[in-house]
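Input: a single structure, listed below in structure tokens.
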Amino acid sequence: MKRKFNSDFSDRKKRIISEVFRCRAAVIEKPIPSFQVVYKKHRLTLEDLLTLADQSWLNDQVMNMYGELIMESSHHKVHFLNSFFHRQLMTKGYDGVKRWTKQVDLFSKSLLLVPVHLEVHWCLVTADIATKKICLYDSQGNALQKVNILKYLMTEAKEKKHTAFEGGWTKVPQQTNENDCGVFVLEYSRCLALSRPFQFSQKDIPKIRKRIYKELCDCKLHEQD
């Protein structure tokens, strides 16, 4: 771990416990490395964090906790939908996810971020509420035909009686690099939520993985990249 993340884990337990009250994280009292970082409803184990090592595929736990940190940093002007949302939508339709937004008015947000997992590939769909624009950010450029968030949003608008949002949407697909799709999705989300330009490429991914790991342990996004 020290070699992978340039971090000494010998005092990780003390460091995590010291963060409990500041970032509302907690750690299960077990010998290191068996610890858990808890933030709100999210729980990460060391095994989850190890998906950020090398070129491993990120799992849902990492994706969803990082999404929570993104929403906090945007003061909840941006809404990150759970990584299981799209799968449920595709298999059970609108009725299968209707209750997911019971406490959330999506149309009061400025931007929606929808991570999409297609078998062995992550991509990101965004919906700009003000401009009614849907964009696909796919690091491999092959997911356009498999993603349909537009129909969901139109049904949600009808259900919540937001008639102004029932039509007029457009899709603008985007394509960038080919590897580390889960990391790309989180970095797309971070940049979009914080209104930052996409100034990263494949060569920056190892550094981004380390930064995401540290942000998850600190339970907050870092101001500096």
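By convention in this document, the chains of the structure tokens carry letters A, B, ... by their order, each chain's residues are numbered from 1, and ligands are numbered from 1 in the order they are shown.
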Which polymer residues have any atom within 10 Å of an atom of A:Asn64, counting only C-alpha atoms, with same-chain residues fewer than 5 positions away left out, as number ranges by chain?
A: 41-43, 59, 69-70, 80-84, 115, 186
Export of prior selection with N, CA and C atoms as a PDB file, in the first residue's frame:
ATOM      1  N   LYS A  41     -24.302   7.479   4.727  1.00  0.00           N
ATOM      2  CA  LYS A  41     -24.782   6.105   4.524  1.00  0.00           C
ATOM      3  C   LYS A  41     -23.755   5.226   3.812  1.00  0.00           C
ATOM      4  N   HIS A  42     -22.574   5.771   3.552  1.00  0.00           N
ATOM      5  CA  HIS A  42     -21.570   5.041   2.782  1.00  0.00           C
ATOM      6  C   HIS A  42     -20.512   4.431   3.698  1.00  0.00           C
ATOM      7  N   ARG A  43     -20.016   3.263   3.283  1.00  0.00           N
ATOM      8  CA  ARG A  43     -19.034   2.528   4.083  1.00  0.00           C
ATOM      9  C   ARG A  43     -17.980   1.942   3.146  1.00  0.00           C
ATOM     10  N   ASN A  59     -15.214   0.037  -7.789  1.00  0.00           N
ATOM     11  CA  ASN A  59     -16.483  -0.618  -7.485  1.00  0.00           C
ATOM     12  C   ASN A  59     -17.560   0.414  -7.125  1.00  0.00           C
ATOM     13  N   LEU A  69     -19.424  13.065  -1.860  1.00  0.00           N
ATOM     14  CA  LEU A  69     -18.494  14.165  -1.619  1.00  0.00           C
ATOM     15  C   LEU A  69     -18.637  15.252  -2.671  1.00  0.00           C
ATOM     16  N   ILE A  70     -18.916  14.855  -3.908  1.00  0.00           N
ATOM     17  CA  ILE A  70     -19.135  15.827  -4.983  1.00  0.00           C
ATOM     18  C   ILE A  70     -20.360  16.672  -4.687  1.00  0.00           C
ATOM     19  N   PHE A  80     -25.862  13.674  -7.667  1.00  0.00           N
ATOM     20  CA  PHE A  80     -25.207  12.473  -8.172  1.00  0.00           C
ATOM     21  C   PHE A  80     -26.117  11.288  -7.883  1.00  0.00           C
ATOM     22  N   LEU A  81     -26.661  10.691  -8.932  1.00  0.00           N
ATOM     23  CA  LEU A  81     -27.550   9.543  -8.759  1.00  0.00           C
ATOM     24  C   LEU A  81     -26.733   8.276  -8.510  1.00  0.00           C
ATOM     25  N   ASN A  82     -27.198   7.459  -7.598  1.00  0.00           N
ATOM     26  CA  ASN A  82     -26.525   6.237  -7.215  1.00  0.00           C
ATOM     27  C   ASN A  82     -26.154   5.379  -8.431  1.00  0.00           C
ATOM     28  N   SER A  83     -25.019   4.689  -8.347  1.00  0.00           N
ATOM     29  CA  SER A  83     -24.547   3.901  -9.483  1.00  0.00           C
ATOM     30  C   SER A  83     -25.481   2.751  -9.840  1.00  0.00           C
ATOM     31  N   PHE A  84     -26.357   2.365  -8.922  1.00  0.00           N
ATOM     32  CA  PHE A  84     -27.319   1.305  -9.206  1.00  0.00           C
ATOM     33  C   PHE A  84     -28.569   1.845  -9.905  1.00  0.00           C
ATOM     34  N   PRO A 115     -23.862   8.069 -13.150  1.00  0.00           N
ATOM     35  CA  PRO A 115     -22.870   7.062 -13.540  1.00  0.00           C
ATOM     36  C   PRO A 115     -23.579   5.841 -14.128  1.00  0.00           C
ATOM     37  N   LEU A 186     -15.473   9.603 -12.477  1.00  0.00           N
ATOM     38  CA  LEU A 186     -15.418  10.416 -11.263  1.00  0.00           C
ATOM     39  C   LEU A 186     -14.743  11.759 -11.523  1.00  0.00           C
TER      40      LEU A 186
END
Could you pull the residues within 12 Å of A:Glu187, counting only C-alpha atoms, minus those fewer than 2 positions along the same chain, as a PyMOL selection string?
chain A and resi 63+66-67+70+113+115+123-124+137-139+180-185+189-202+204-205+207-209+211-212+221+225
Looking only at the backbone, which of the residues in stretch 31-84 of chain A does DSSP tag as helix (DSSP H, G or I), as an MDAnalysis selection string?
chainID A and resid 46:52 60:73
Quick one: of A:Asp48, A:Lys203, A:Asp105, A:Ser73, who's nearest to A:Phe35, counting only C-alpha atoms?
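The answer is A:Asp48, which sits nearest to A:Phe35.
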Produce a table with one row for each residue of stretch 84-141 of chain A that has an atom at most 12 Å from any atom of stretch 150-168 of chain A, each row naming the nearest atom pair and its distance in Å at one decimal; use only C-alpha atoms; arrange rows by chain and rising residue number; format as a tab-separated table.
residue	atom	partner	partner_atom	distance
A:Phe85	CA	A:Tyr152	CA	11.0
A:His86	CA	A:Tyr152	CA	9.8
A:Gln88	CA	A:Tyr152	CA	11.6
A:Leu89	CA	A:Tyr152	CA	8.0
A:Met90	CA	A:Tyr152	CA	9.8
A:Lys92	CA	A:Tyr152	CA	11.7
A:Gly93	CA	A:Tyr152	CA	8.2
A:Tyr94	CA	A:Tyr152	CA	6.4
A:Asp95	CA	A:Thr155	CA	10.0
A:Gly96	CA	A:Tyr152	CA	11.0
A:Val97	CA	A:Tyr152	CA	9.5
A:Lys98	CA	A:Glu156	CA	7.9
A:Arg99	CA	A:Glu156	CA	10.8
A:Trp100	CA	A:Glu156	CA	11.1
A:Thr101	CA	A:Glu156	CA	9.3
A:Lys102	CA	A:Lys160	CA	10.0
A:Gln103	CA	A:Lys160	CA	11.9
A:Val104	CA	A:Lys160	CA	10.7
A:Asp105	CA	A:Lys160	CA	8.4
A:Leu106	CA	A:Glu156	CA	8.7
A:Phe107	CA	A:His162	CA	7.8
A:Ser108	CA	A:His162	CA	10.4
A:Leu112	CA	A:Leu153	CA	10.3
A:Val114	CA	A:Leu150	CA	11.5
A:Val125	CA	A:Leu150	CA	9.9
A:Thr126	CA	A:Leu150	CA	10.1
A:Ala127	CA	A:Leu150	CA	8.5
A:Asp128	CA	A:Phe165	CA	11.2
A:Ile129	CA	A:Phe165	CA	8.2
A:Ala130	CA	A:Phe165	CA	9.4
A:Thr131	CA	A:Gly168	CA	9.1
A:Lys132	CA	A:Gly168	CA	6.6
A:Lys133	CA	A:Gly168	CA	8.6
A:Ile134	CA	A:Leu150	CA	7.3
A:Cys135	CA	A:Leu150	CA	10.1
A:Leu136	CA	A:Leu150	CA	11.3
Give me, please, the distance in Å between atom CA of A:Val38 and atom CA of A:His76, quoted to one decimal.
19.7 Å
Step one, run DSSP on the backbone; step two, keep only residues of stretch 66-217 of chain A assigned to strand (DSSP E); then write them as a VMD selection string.
chain A and resid 78 to 80 111 to 118 121 to 128 133 to 138 170 to 175
